[in-house]
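One file, upload.txt, is given below (compact mmCIF, C-alpha atoms).
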# COMPACT_ATOMS: atom_id res chain seq x y z
CA MET A 122 -14.20 2.39 -14.97
CA SER A 123 -11.19 0.31 -15.84
CA ASP A 124 -9.26 -1.76 -13.39
CA PHE A 125 -6.28 0.51 -13.82
CA SER A 126 -8.32 3.60 -12.96
CA ARG A 127 -9.56 1.93 -9.80
CA LYS A 128 -6.03 1.03 -8.77
CA LEU A 129 -4.92 4.56 -9.54
CA GLU A 130 -7.67 6.05 -7.44
CA ALA A 131 -6.66 3.93 -4.48
CA GLU A 132 -3.17 5.42 -4.67
CA ILE A 133 -4.29 9.04 -4.62
CA PRO A 134 -3.81 9.52 -0.86
CA ALA A 135 -0.26 8.17 -1.03
CA LEU A 136 0.50 10.31 -4.07
CA ARG A 137 -0.83 13.40 -2.33
CA ARG A 138 1.27 12.68 0.71
CA TYR A 139 4.40 12.17 -1.32
CA ALA A 140 3.62 15.27 -3.39
CA ARG A 141 3.32 17.31 -0.21
CA TYR A 142 6.59 15.94 0.90
CA LEU A 143 8.21 16.91 -2.40
CA THR A 144 6.62 20.33 -2.92
CA ARG A 145 5.94 21.28 0.69
CA ASP A 146 2.80 23.06 -0.41
CA ALA A 147 -0.68 21.54 -0.33
CA ASP A 148 -1.95 23.31 -3.45
CA ARG A 149 1.14 22.71 -5.52
CA ALA A 150 1.04 19.13 -4.30
CA ASP A 151 -2.39 18.54 -5.78
CA ASP A 152 -1.31 20.11 -9.07
CA LEU A 153 1.60 17.72 -9.11
CA VAL A 154 -0.64 14.75 -8.33
CA GLN A 155 -2.94 15.71 -11.17
CA ASP A 156 -0.03 15.94 -13.59
CA SER A 157 1.22 12.59 -12.35
CA LEU A 158 -2.15 10.88 -12.69
CA GLU A 159 -2.54 12.15 -16.23
CA ARG A 160 0.93 10.96 -17.08
CA ALA A 161 0.23 7.61 -15.44
CA ILE A 162 -2.87 7.20 -17.60
CA ALA A 163 -0.89 8.02 -20.72
CA LYS A 164 1.94 5.69 -19.75
CA ARG A 165 -0.09 2.90 -18.22
CA ARG A 166 1.26 0.40 -20.73
CA LEU A 167 4.68 0.84 -19.20
CA TRP A 168 3.55 -0.43 -15.83
CA HIS A 169 4.26 -4.10 -15.32
CA ASN A 170 1.16 -5.64 -13.90
CA PRO A 171 2.60 -8.00 -11.29
CA GLU A 172 4.66 -5.15 -9.92
CA ARG A 173 3.17 -2.97 -7.26
CA LEU A 174 1.67 0.17 -8.64
CA ARG A 175 2.80 2.52 -5.88
CA PRO A 176 6.56 2.47 -6.54
CA TRP A 177 5.91 2.93 -10.24
CA LEU A 178 3.67 5.91 -9.54
CA PHE A 179 6.12 7.38 -7.08
CA ALA A 180 8.96 7.14 -9.55
CA LEU A 181 6.77 8.77 -12.17
CA GLN A 182 5.64 11.54 -9.83
CA ARG A 183 9.16 12.19 -8.70
CA ASN A 184 10.28 12.56 -12.30
CA VAL A 185 7.43 14.91 -13.10
CA TYR A 186 8.37 16.97 -10.06
CA LEU A 187 12.08 17.08 -10.84
CA ASN A 188 11.33 18.10 -14.42
CA GLN A 189 9.14 20.93 -13.22
CA LEU A 190 11.77 21.97 -10.73
CA ARG A 191 14.42 22.12 -13.43
CA ARG A 192 12.29 24.48 -15.47
CA GLN A 193 11.89 26.88 -12.58
CA THR A 194 14.41 29.62 -12.24
CA ARG A 195 14.05 30.03 -8.52
CA ARG A 196 14.08 27.35 -5.89
CA PRO A 197 10.85 27.09 -3.93
CA ALA A 198 10.90 28.30 -0.35
CA GLU A 199 11.75 25.63 2.17
CA VAL A 200 8.60 25.35 4.21
CA PRO A 201 9.21 23.31 7.37
CA MET A 202 7.72 19.84 7.46
CA ASP A 203 5.71 20.50 10.60
CA GLN A 204 3.90 23.28 8.77
CA VAL A 205 3.30 21.22 5.65
CA PHE A 206 1.88 18.33 7.60
CA ALA A 207 0.22 20.44 10.28
CA GLU A 208 -3.24 18.98 9.71
CA SER A 209 -1.97 15.43 9.68
CA GLY A 210 -2.42 13.15 12.61
CA GLN A 211 -5.73 14.79 13.41
CA GLY A 212 -7.79 13.09 16.03
CA GLU A 213 -4.66 12.32 18.01
CA ALA A 214 -4.49 13.24 21.64
CA GLN A 215 -2.90 16.57 22.50
CA THR A 216 0.37 14.90 23.37
CA GLY A 217 0.23 13.12 20.03
CA GLN A 218 -0.09 16.47 18.26
CA ILE A 219 2.86 17.92 20.03
CA MET A 220 4.92 14.83 19.46
CA ALA A 221 4.00 14.72 15.80
CA ARG A 222 5.46 18.20 15.48
CA GLU A 223 8.60 17.13 17.28
CA VAL A 224 9.06 14.20 14.97
CA LEU A 225 8.60 16.40 11.91
CA VAL A 226 11.10 18.92 13.18
CA ALA A 227 13.60 16.16 13.81
CA LEU A 228 12.90 14.73 10.37
CA ASP A 229 13.55 18.14 8.84
CA ALA A 230 16.97 18.21 10.43
CA LEU A 231 18.02 15.04 8.62
CA GLU A 232 19.98 15.13 5.43
CA PRO A 233 17.45 15.20 2.57
CA ASP A 234 18.82 11.96 1.11
CA GLN A 235 18.32 10.10 4.35
CA ARG A 236 14.97 11.70 5.01
CA GLU A 237 13.49 10.66 1.71
CA VAL A 238 14.52 7.03 2.14
CA LEU A 239 13.14 6.96 5.65
CA VAL A 240 9.83 8.48 4.56
CA LEU A 241 9.41 6.08 1.66
CA VAL A 242 10.09 3.08 3.88
CA ALA A 243 8.37 4.09 7.10
CA VAL A 244 5.40 6.03 5.81
CA GLU A 245 4.76 4.54 2.40
CA GLY A 246 5.77 0.97 3.10
CA LEU A 247 8.01 0.58 0.07
CA LEU A 248 10.41 -2.34 -0.02
CA TYR A 249 14.10 -1.45 -0.09
CA ARG A 250 14.44 -2.47 -3.70
CA GLU A 251 11.36 -0.42 -4.57
CA VAL A 252 12.89 2.63 -2.91
CA ALA A 253 16.02 1.97 -4.94
CA THR A 254 13.91 2.00 -8.09
CA VAL A 255 12.05 5.17 -7.18
CA LEU A 256 15.22 7.07 -6.35
CA GLY A 257 17.37 5.46 -9.01
CA LEU A 258 19.94 4.29 -6.50
CA PRO A 259 21.73 1.04 -5.79
CA ALA A 260 20.05 -1.00 -3.05
CA GLY A 261 23.16 -0.73 -0.87
CA THR A 262 22.95 3.05 -0.89
CA VAL A 263 19.32 2.90 0.15
CA MET A 264 20.20 0.63 3.05
CA SER A 265 23.02 2.81 4.32
CA ARG A 266 20.93 5.97 4.06
CA LEU A 267 18.11 4.29 5.94
CA SER A 268 20.45 3.05 8.62
CA ARG A 269 22.14 6.44 9.08
CA GLY A 270 18.86 8.31 8.93
CA ARG A 271 17.35 6.20 11.65
CA ALA A 272 20.36 6.55 13.90
CA GLN A 273 20.33 10.31 13.36
CA LEU A 274 16.63 10.63 14.05
CA ARG A 275 16.96 8.57 17.20
CA LYS A 276 19.68 10.85 18.46
CA ALA A 277 17.65 13.97 17.69
CA LEU A 278 14.57 12.67 19.46
CA ALA A 279 16.48 11.36 22.45
CA GLY A 280 17.98 14.84 22.93
CA ASP A 281 14.54 16.37 23.13
CA SER A 282 13.07 14.12 25.73
CA PRO A 283 14.81 11.72 28.06
CA PRO A 284 13.92 8.14 27.14
CA ALA A 285 12.45 7.32 30.56
CA THR A 286 9.69 9.92 30.31
CA SER A 287 9.37 9.96 26.57
CA THR A 288 5.85 10.59 25.41
CA LEU A 289 6.79 10.08 21.82
CA TRP A 290 5.90 6.45 21.95
CA ARG A 291 2.36 7.21 22.94
CA VAL A 292 1.65 8.51 19.49
CA LYS A 293 0.44 5.15 18.36
CA MET B 67 26.84 -22.00 11.91
CA ASN B 68 23.69 -20.49 10.60
CA GLY B 69 22.01 -19.46 13.82
CA GLN B 70 25.27 -18.28 15.41
CA ARG B 71 26.37 -15.50 13.16
CA PRO B 72 25.24 -12.05 14.39
CA PRO B 73 22.61 -10.44 12.20
CA SER B 74 23.78 -7.86 9.69
CA GLU B 75 22.63 -4.25 9.90
CA GLN B 76 20.44 -5.01 6.90
CA ASP B 77 18.79 -7.87 8.82
CA LEU B 78 18.12 -5.54 11.72
CA GLN B 79 16.61 -2.87 9.50
CA ALA B 80 14.45 -5.46 7.80
CA TYR B 81 13.41 -6.67 11.23
CA VAL B 82 12.32 -3.13 12.12
CA ASP B 83 10.23 -2.95 8.98
CA GLY B 84 8.83 -6.43 9.32
CA TRP B 85 10.40 -7.68 6.11
CA LEU B 86 12.93 -10.07 7.48
CA ALA B 87 12.83 -13.50 5.92
CA PRO B 88 11.06 -15.88 8.29
CA THR B 89 14.12 -18.10 8.36
CA ARG B 90 16.21 -15.26 9.87
CA GLN B 91 13.57 -14.12 12.33
CA ALA B 92 14.42 -16.47 15.16
CA ALA B 93 18.13 -15.76 14.88
CA VAL B 94 17.59 -12.00 15.09
CA GLU B 95 15.28 -12.33 18.05
CA ALA B 96 17.77 -14.55 19.87
CA TYR B 97 20.50 -12.02 19.17
CA LEU B 98 18.40 -9.12 20.46
CA ALA B 99 17.50 -11.04 23.61
CA GLU B 100 21.20 -11.23 24.40
CA HIS B 101 22.02 -7.66 23.42
CA PRO B 102 19.68 -5.29 25.26
CA GLU B 103 21.29 -2.17 23.82
CA GLU B 104 20.67 -3.36 20.33
CA ALA B 105 17.16 -4.38 21.31
CA ALA B 106 16.50 -0.87 22.63
CA ARG B 107 17.81 0.64 19.42
CA ILE B 108 15.56 -1.58 17.32
CA GLN B 109 12.60 -0.81 19.55
CA ASP B 110 13.26 2.92 19.16
CA TYR B 111 13.42 2.56 15.41
CA ARG B 112 10.07 0.83 15.32
CA MET B 113 8.42 3.50 17.38
CA GLN B 114 10.13 6.21 15.43
CA SER B 115 8.66 4.77 12.22
CA ALA B 116 5.21 4.69 13.75
CA ALA B 117 5.58 8.29 14.90
CA VAL B 118 6.70 9.49 11.47
CA ARG B 119 3.82 7.62 9.90
CA THR B 120 1.29 9.22 12.22
CA ALA B 121 2.81 12.65 11.79
CA MET B 122 2.67 12.56 8.00
CA ARG B 123 -0.51 10.67 7.40
CA GLY B 124 -4.07 11.87 7.64
CA ALA B 125 -4.49 15.17 5.85
CA GLU B 126 -4.21 13.69 2.38
CA SER B 127 -7.16 11.33 2.60
CA ALA B 128 -9.65 13.98 3.63
CA ALA B 129 -11.74 15.22 0.72
CA VAL B 130 -9.86 14.17 -2.38
CA PRO B 131 -10.50 16.94 -4.92
CA GLU B 132 -12.78 16.03 -7.77
CA ARG B 133 -10.16 17.00 -10.35
CA LEU B 134 -7.86 14.29 -9.03
CA LEU B 135 -10.57 11.64 -9.18
CA ARG B 136 -11.34 12.71 -12.72
CA ALA B 137 -7.69 12.46 -13.68
CA THR B 138 -7.70 8.72 -13.01
CA HIS B 139 -9.85 8.14 -16.06
CA SER B 140 -8.44 7.87 -19.50
CA GLY B 141 -9.34 10.73 -21.77
CA ALA B 142 -9.96 12.96 -18.78
CA ALA B 143 -6.92 15.09 -19.41
CA THR B 144 -8.29 16.73 -22.50
CA GLY B 145 -11.92 16.02 -21.94
CA ARG B 146 -13.62 13.30 -23.85
CA ALA B 147 -11.87 13.20 -27.20
CA THR B 148 -14.29 13.62 -30.02
CA TRP B 149 -13.73 12.41 -33.49
CA LEU B 150 -13.12 15.96 -34.62
CA THR B 151 -10.41 16.66 -32.08
CA ARG B 152 -8.90 13.32 -32.87
CA ALA B 153 -8.85 14.03 -36.57
CA ALA B 154 -7.45 17.46 -35.90
CA ALA B 155 -4.73 15.89 -33.81
CA ALA B 156 -3.95 13.48 -36.59
CA VAL B 157 -3.71 16.27 -39.12
CA LEU B 158 -1.52 18.26 -36.79
CA LEU B 159 0.74 15.28 -36.29
CA LEU B 160 1.03 14.91 -40.02
CA ALA B 161 1.79 18.57 -40.44
CA VAL B 162 4.40 19.02 -37.76
CA GLY B 163 5.66 15.65 -36.74
CA PHE B 164 5.97 13.60 -39.82
CA GLY B 165 7.21 16.01 -42.40
CA GLY B 166 10.20 13.80 -42.89
CA GLY B 167 8.38 10.70 -41.81
CA TRP B 168 9.12 8.67 -38.74
CA SER B 169 10.35 5.18 -39.18
CA LEU B 170 8.96 2.45 -37.01
CA ASN B 171 12.37 2.15 -35.46
CA GLU B 172 12.42 5.77 -34.47
CA ILE B 173 9.07 5.31 -32.84
CA LEU B 174 10.34 2.33 -30.93
CA ASN B 175 13.35 4.30 -29.83
CA GLU B 176 11.25 7.22 -28.81
CA PHE B 177 9.03 5.14 -26.63
CA GLY B 178 11.96 3.08 -25.48
CA GLY B 179 13.63 6.17 -24.11
CA GLU B 180 10.63 6.94 -21.97
CA ARG B 181 10.17 3.52 -20.52
CA VAL B 182 9.65 3.68 -16.84
CA ALA B 183 9.48 0.14 -15.70
CA GLY B 184 8.37 -2.14 -18.44
CA GLN B 185 9.14 -3.77 -21.72
CA ALA B 186 5.68 -3.46 -23.21
CA ALA B 187 5.94 -0.30 -25.23
CA GLU B 188 3.41 1.65 -27.19
CA GLY B 189 5.52 1.06 -30.27
CA ASP B 190 4.69 -2.65 -30.12
CA LEU B 191 1.35 -2.12 -31.80
CA PRO B 192 2.53 -0.68 -35.14
CA ARG B 193 5.57 -2.92 -35.15
CA LEU B 194 3.56 -6.12 -34.69
CA ALA B 195 0.90 -4.94 -37.10
CA ALA B 196 3.48 -4.12 -39.77
CA ALA B 197 5.30 -7.42 -39.27
CA ALA B 198 2.04 -9.35 -39.62
CA HIS B 199 1.16 -7.34 -42.70
CA ARG B 200 4.48 -8.10 -44.36
CA VAL B 201 4.24 -11.82 -43.70
CA TYR B 202 0.66 -12.46 -44.69
CA SER B 203 -0.10 -9.91 -47.38
CA ALA B 204 2.62 -11.53 -49.49
CA GLU B 205 0.76 -14.85 -49.44
CA VAL B 206 -1.19 -15.63 -52.54
CA ARG B 207 -3.12 -18.70 -51.52
CA HIS B 208 -2.99 -18.57 -47.76
CA ALA B 209 -3.29 -14.88 -47.10
CA VAL B 210 -6.10 -15.48 -44.64
CA GLU B 211 -6.89 -18.25 -42.23
CA VAL B 212 -10.65 -17.93 -42.43
CA ARG B 213 -12.21 -16.40 -45.51
CA ALA B 214 -14.78 -13.62 -45.37
CA GLU B 215 -17.41 -15.92 -46.87
CA GLU B 216 -17.31 -18.12 -43.82
CA ALA B 217 -19.93 -16.84 -41.41
CA HIS B 218 -18.00 -17.66 -38.28
CA LEU B 219 -15.02 -15.40 -39.07
CA LEU B 220 -15.96 -12.47 -36.85
CA GLY B 221 -17.61 -14.59 -34.18
CA TRP B 222 -14.50 -16.70 -33.83
CA LEU B 223 -12.07 -13.77 -33.72
CA SER B 224 -14.30 -11.84 -31.30
CA LYS B 225 -14.38 -14.81 -28.99
CA ARG B 226 -10.63 -15.22 -29.04
CA LEU B 227 -10.05 -11.50 -28.53
CA GLY B 228 -12.64 -11.21 -25.82
CA GLN B 229 -14.05 -8.16 -27.62
CA THR B 230 -16.62 -7.72 -30.33
CA LEU B 231 -14.77 -7.38 -33.56
CA ILE B 232 -16.30 -5.51 -36.46
CA ALA B 233 -15.08 -5.76 -40.02
CA PRO B 234 -15.41 -2.23 -41.38
CA ASN B 235 -16.91 -1.86 -44.79
CA LEU B 236 -14.22 -0.36 -47.01
CA ASP B 237 -16.10 -0.74 -50.29
CA PRO B 238 -16.20 3.04 -50.80
CA TYR B 239 -12.41 2.98 -50.95
CA GLY B 240 -12.32 0.05 -53.31
CA TYR B 241 -11.21 -2.50 -50.73
CA ARG B 242 -13.04 -5.71 -50.10
CA LEU B 243 -12.69 -7.95 -47.06
CA MET B 244 -10.78 -11.15 -47.84
CA GLY B 245 -10.87 -12.69 -44.40
CA GLY B 246 -8.85 -12.79 -41.24
CA ARG B 247 -6.58 -14.68 -38.98
CA LEU B 248 -5.70 -15.04 -35.34
CA LEU B 249 -2.22 -13.95 -34.28
CA PRO B 250 -0.16 -13.81 -31.13
CA ALA B 251 0.16 -10.32 -29.64
CA ALA B 252 2.45 -8.80 -27.04
CA SER B 253 -0.01 -10.05 -24.46
CA GLY B 254 -2.76 -12.41 -25.55
CA ALA B 255 -4.20 -12.58 -29.02
CA ALA B 256 -4.64 -10.25 -31.93
CA ALA B 257 -6.76 -10.42 -35.04
CA GLN B 258 -5.78 -9.43 -38.52
CA LEU B 259 -8.38 -8.58 -41.14
CA MET B 260 -7.16 -8.37 -44.69
CA TYR B 261 -8.65 -6.31 -47.51
CA GLU B 262 -7.78 -6.21 -51.16
CA ASP B 263 -8.54 -3.77 -53.95
CA GLY B 264 -9.09 -4.50 -57.64
CA THR B 265 -5.36 -4.32 -58.37
CA GLY B 266 -4.38 -6.82 -55.71
CA ARG B 267 -3.13 -4.17 -53.30
CA ARG B 268 -3.74 -5.23 -49.73
CA LEU B 269 -4.52 -3.48 -46.48
CA THR B 270 -4.64 -5.08 -43.08
CA ILE B 271 -6.36 -4.04 -39.89
CA TYR B 272 -4.64 -5.35 -36.81
CA VAL B 273 -6.67 -5.38 -33.60
CA GLN B 274 -5.58 -6.42 -30.18
CA ASP B 275 -7.35 -6.56 -26.87
CA ASP B 276 -5.80 -3.87 -24.71
CA PRO B 277 -7.73 -3.30 -21.50
CA GLU B 278 -4.84 -1.44 -19.88
CA GLY B 279 -4.38 0.89 -22.82
CA THR B 280 -5.44 4.47 -22.87
CA GLU B 281 -7.28 6.24 -25.64
CA THR B 282 -4.93 7.92 -28.01
CA ALA B 283 -5.10 10.11 -31.04
CA PHE B 284 -4.10 8.69 -34.38
CA ARG B 285 -0.43 8.15 -34.83
CA PHE B 286 1.38 7.44 -38.03
CA ALA B 287 4.48 5.46 -38.80
CA GLU B 288 6.05 4.34 -42.00
CA GLU B 289 8.80 2.06 -43.00
CA GLY B 290 9.95 0.47 -46.22
CA GLY B 291 6.96 1.58 -48.27
CA LEU B 292 4.43 0.57 -45.63
CA GLY B 293 2.39 3.11 -43.76
CA ALA B 294 0.54 2.50 -40.50
CA PHE B 295 -2.00 4.52 -38.63
CA TYR B 296 -2.57 3.25 -35.14
CA TRP B 297 -4.67 4.27 -32.18
CA ARG B 298 -6.34 2.93 -29.07
CA ASP B 299 -9.98 3.05 -28.24
CA ASN B 300 -12.59 0.99 -26.41
CA ASP B 301 -9.98 -1.19 -24.72
CA MET B 302 -8.62 -2.17 -28.11
CA GLY B 303 -5.48 -1.27 -29.97
CA TYR B 304 -5.93 -0.76 -33.72
CA ALA B 305 -3.50 -0.44 -36.56
CA LEU B 306 -4.26 0.03 -40.22
CA VAL B 307 -1.33 -0.99 -42.38
CA GLY B 308 -0.86 -0.74 -46.11
CA PRO B 309 1.41 0.36 -48.94
CA LEU B 310 -0.39 3.69 -49.23
CA GLN B 311 0.37 7.37 -48.97
CA ARG B 312 -0.43 8.99 -45.67
CA ALA B 313 -3.41 11.01 -46.87
CA GLU B 314 -4.99 8.03 -48.54
CA LEU B 315 -4.40 5.82 -45.53
CA LEU B 316 -5.76 8.47 -43.19
CA ASP B 317 -9.09 8.54 -45.05
CA ILE B 318 -9.44 4.82 -44.60
CA ALA B 319 -8.26 4.91 -41.00
CA GLU B 320 -11.00 7.43 -40.27
CA ALA B 321 -13.55 5.09 -41.79
CA VAL B 322 -12.24 2.17 -39.74
CA TYR B 323 -12.36 4.28 -36.61
CA ARG B 324 -15.92 5.50 -37.23
CA GLN B 325 -17.24 2.03 -37.93
CA SER B 326 -15.45 0.45 -34.98
CA GLU B 327 -16.72 3.00 -32.51
CA LYS B 328 -19.22 1.43 -30.20
Render the structure in this file as structure tokens.
Amino acid sequence: MSDFSRKLEAEIPALRRYARYLTRDADRADDLVQDSLERAIAKRRLWHNPERLRPWLFALQRNVYLNQLRRQTRRPAEVPMDQVFAESGQGEAQTGQIMAREVLVALDALEPDQREVLVLVAVEGLLYREVATVLGLPAGTVMSRLSRGRAQLRKALAGDSPPATSTLWRVK
Amino acid sequence: MNGQRPPSEQDLQAYVDGWLAPTRQAAVEAYLAEHPEEAARIQDYRMQSAAVRTAMRGAESAAVPERLLRATHSGAATGRATWLTRAAAAVLLLAVGFGGGWSLNEILNEFGGERVAGQAAEGDLPRLAAAAHRVYSAEVRHAVEVRAEEAHLLGWLSKRLGQTLIAPNLDPYGYRLMGGRLLPAASGAAAQLMYEDGTGRRLTIYVQDDPEGTETAFRFAEEGGLGAFYWRDNDMGYALVGPLQRAELLDIAEAVYRQSEK
């Protein structure tokens, strides 16, 4: 097993998560991940070793997804995030489960551009410049989307539960 | 002045994500200590990130399907490529892709257009191999660095490549090994083996260590009277270059491939 394959394998969970985010369908997500992995193997020479692998893979997966989307005649149904990620956060306390759903609903209400930046930063731990690379955007645009997305999400969550009794912060 | 200026929004975001430069850390913390509203906002953002993370993580790590694990291995996409499928692919490429012939430049452009993040392109292999062929096959006296008669030729090149190098026997095609030389490659070293037939026509095999490469089918490129078949296998990149017609070169490339297979 080559070093590259090992690195690739370690990124599968992140790729699956991002694929779910993109496709909003667990089965389609795994199909997308498989296509992406195969493409990554074929294109491995184009990855710059000192660079982190994850942003490179994400950019690649995103391109594969967008290409597939372009070929489709109909747009896929918009499945809500809380349904797509329903099994996530398992093992959390009951309150955690409920709050996870609340967060996902609030996330869904964001503008897609802001949501994607926020997810890539908060969930996947990408650096701002890496997000810029994945999305093909200037770094300044990434920053402003992140900033606006966070403010928006804060407002949405504050409306749901008054800050003093918020249980959101017990999630972790 | 430095510690006095209020942090930018970018500083605050980076603080939330833990990526603020250590030199700015103290300034941001001092600022937040004096601005409770801002501190509350930043605190909310941090918790919000943690909540999003928890909400989205978890399901994907449970039971990774076998097909995804398999897909991380080279050659998995089409199953283990056999020589037959490889040869068939080569023939197909010849039939459909290279009717008019691709120039090396076109190949470079093709791969260049698909570059995702890097400069190292798949087109480097035939380009470097062809360049080395042009330079050294024209030499009369110094075509090779170490002659085939010298026993250490393959041992030396193998050591420098970090891979066992085999000099294929091309006698059946009328080509005899002259010797080889060590060359710089895109990353690390490459070896060139030179062969000559009875008329003085020369072929070169260019081999480079390529642990990150993936197995490929044969590909063909030609430019200025030179043809090149190139492929990747066993963590090595190979190119066979010579002033031959495709069909003739393909026969020899097959022989090189068969003999180099470990």
Using 7 Å as the limit and counting all atoms listed in the file, can you tabulate each residue of chain A that touches chain B, with its shortest atom-to-atom distance in Å and the two atoms involved, as a tab-separated table?
residue	atom	partner	partner_atom	distance
A:Phe125	CA	B:Glu278	CA	6.5
A:Ser126	CA	B:Thr138	CA	5.2
A:Leu129	CA	B:Thr138	CA	6.1
A:Glu130	CA	B:Thr138	CA	6.2
A:Pro134	CA	B:Ser127	CA	5.1
A:Arg137	CA	B:Glu126	CA	5.8
A:Arg138	CA	B:Glu126	CA	5.8
A:Gln155	CA	B:Leu134	CA	5.5
A:Leu158	CA	B:Ala137	CA	5.8
A:Glu159	CA	B:Ala137	CA	5.8
A:Ile162	CA	B:Ser140	CA	5.9
A:Ala163	CA	B:Thr280	CA	6.2
A:Arg165	CA	B:Gly279	CA	6.6
A:Arg166	CA	B:Gly279	CA	6.0
A:Leu167	CA	B:Gly184	CA	4.8
A:Trp168	CA	B:Gly184	CA	5.7
A:His169	CA	B:Gly184	CA	5.5
A:Phe206	CA	B:Met122	CA	5.8
A:Glu208	CA	B:Ala125	CA	5.6
A:Ser209	CA	B:Ala125	CA	4.6
A:Gly210	CA	B:Ala121	CA	5.3
A:Gln211	CA	B:Gly124	CA	6.7
A:Ala221	CA	B:Ala121	CA	4.7
A:Val224	CA	B:Val118	CA	6.3
A:Leu225	CA	B:Ala121	CA	6.9
A:Ala243	CA	B:Ser115	CA	5.2
A:Val244	CA	B:Arg119	CA	4.7
A:Met264	CA	B:Gln76	CA	6.8
A:Arg271	CA	B:Tyr111	CA	6.5
A:Trp290	CA	B:Met113	CA	6.0
A:Val292	CA	B:Ala117	CA	6.0
A:Lys293	CA	B:Ala116	CA	6.6
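Counting from CA of Arg183 (chain A), the distance to CA of Glu237 (chain A) is 11.4 Å.
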Using all atoms listed in the file, which residues sit within 10 Å of region 210-224 of chain B once same-chain residues fewer than 5 positions away are excluded, as a list in words?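 My reading of the contact set: Tyr202, Ser203, Glu205, Gln229, Thr230, Leu231, Ile232, Ala233, Arg242, Leu243, Met244, Gly245, Gly246, Arg247, Leu248, Leu249, Ala255, Ala256, Ala257, Gln258, Leu259, Met260, Tyr261, Val273 and Asp275 of chain B.
Separating CA of Ile271 (chain B) from CA of Asp124 (chain A) is a distance of 26.8 Å.
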Residues within 12 Å of (-0.1, 3.9, -51.1), file coords, all atoms listed in the file, listed as number ranges by chain: B: 263, 267-269, 288, 290-294, 307-318
Among B:Glu132, B:Glu95, B:Asp190, B:Asp237, Pro72 (chain B) is approached most closely, using only C-alpha atoms, by B:Glu95
Find the residue from A:Glu172, A:Asp148, A:Asp156, A:Glu232 that sits nearest to Gln189 (chain A); use all atoms listed in the file when measuring. A:Asp156
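The spacing separating CA of Leu231 (chain A) from CA of Leu174 (chain A) amounts to 28.0 Å.
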Please determine the residues with any atom at most 9 Å from (5.5, 1.9, -7.5) (coordinates as given in the file, with only C-alpha atoms counting) and report them as a VMD selection string. chain A and resid 168 172 to 181 247 251 to 252 254 to 255
My structure is short of atoms at region 228-239 of chain A; please model N, CA and C atoms there, returning them as a JSON list (two decimals), keeping the file's coordinate frame.
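And here's selection.json as it stands now:
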[["chain", "number", "residue", "atom", "x", "y", "z"],
["A", 228, "LEU", "N", 12.79, 15.27, 11.73],
["A", 228, "LEU", "CA", 12.90, 14.73, 10.37],
["A", 228, "LEU", "C", 13.50, 15.80, 9.44],
["A", 229, "ASP", "N", 13.06, 17.03, 9.66],
["A", 229, "ASP", "CA", 13.55, 18.14, 8.84],
["A", 229, "ASP", "C", 15.04, 18.34, 9.00],
["A", 230, "ALA", "N", 15.55, 17.98, 10.16],
["A", 230, "ALA", "CA", 16.97, 18.21, 10.43],
["A", 230, "ALA", "C", 17.85, 17.14, 9.77],
["A", 231, "LEU", "N", 17.23, 16.08, 9.28],
["A", 231, "LEU", "CA", 18.02, 15.04, 8.62],
["A", 231, "LEU", "C", 18.54, 15.53, 7.28],
["A", 232, "GLU", "N", 19.56, 14.87, 6.81],
["A", 232, "GLU", "CA", 19.98, 15.13, 5.43],
["A", 232, "GLU", "C", 18.86, 14.69, 4.50],
["A", 233, "PRO", "N", 18.58, 15.51, 3.47],
["A", 233, "PRO", "CA", 17.45, 15.20, 2.57],
["A", 233, "PRO", "C", 17.50, 13.78, 2.01],
["A", 234, "ASP", "N", 18.69, 13.30, 1.68],
["A", 234, "ASP", "CA", 18.82, 11.96, 1.11],
["A", 234, "ASP", "C", 18.34, 10.89, 2.08],
["A", 235, "GLN", "N", 18.71, 11.07, 3.33],
["A", 235, "GLN", "CA", 18.32, 10.10, 4.35],
["A", 235, "GLN", "C", 16.83, 10.22, 4.65],
["A", 236, "ARG", "N", 16.37, 11.45, 4.68],
["A", 236, "ARG", "CA", 14.97, 11.70, 5.01],
["A", 236, "ARG", "C", 14.04, 11.05, 3.99],
["A", 237, "GLU", "N", 14.39, 11.19, 2.73],
["A", 237, "GLU", "CA", 13.49, 10.66, 1.71],
["A", 237, "GLU", "C", 13.39, 9.13, 1.79],
["A", 238, "VAL", "N", 14.52, 8.49, 2.01],
["A", 238, "VAL", "CA", 14.52, 7.03, 2.14],
["A", 238, "VAL", "C", 13.66, 6.61, 3.33],
["A", 239, "LEU", "N", 13.87, 7.29, 4.44],
["A", 239, "LEU", "CA", 13.14, 6.96, 5.65],
["A", 239, "LEU", "C", 11.63, 7.13, 5.46]]
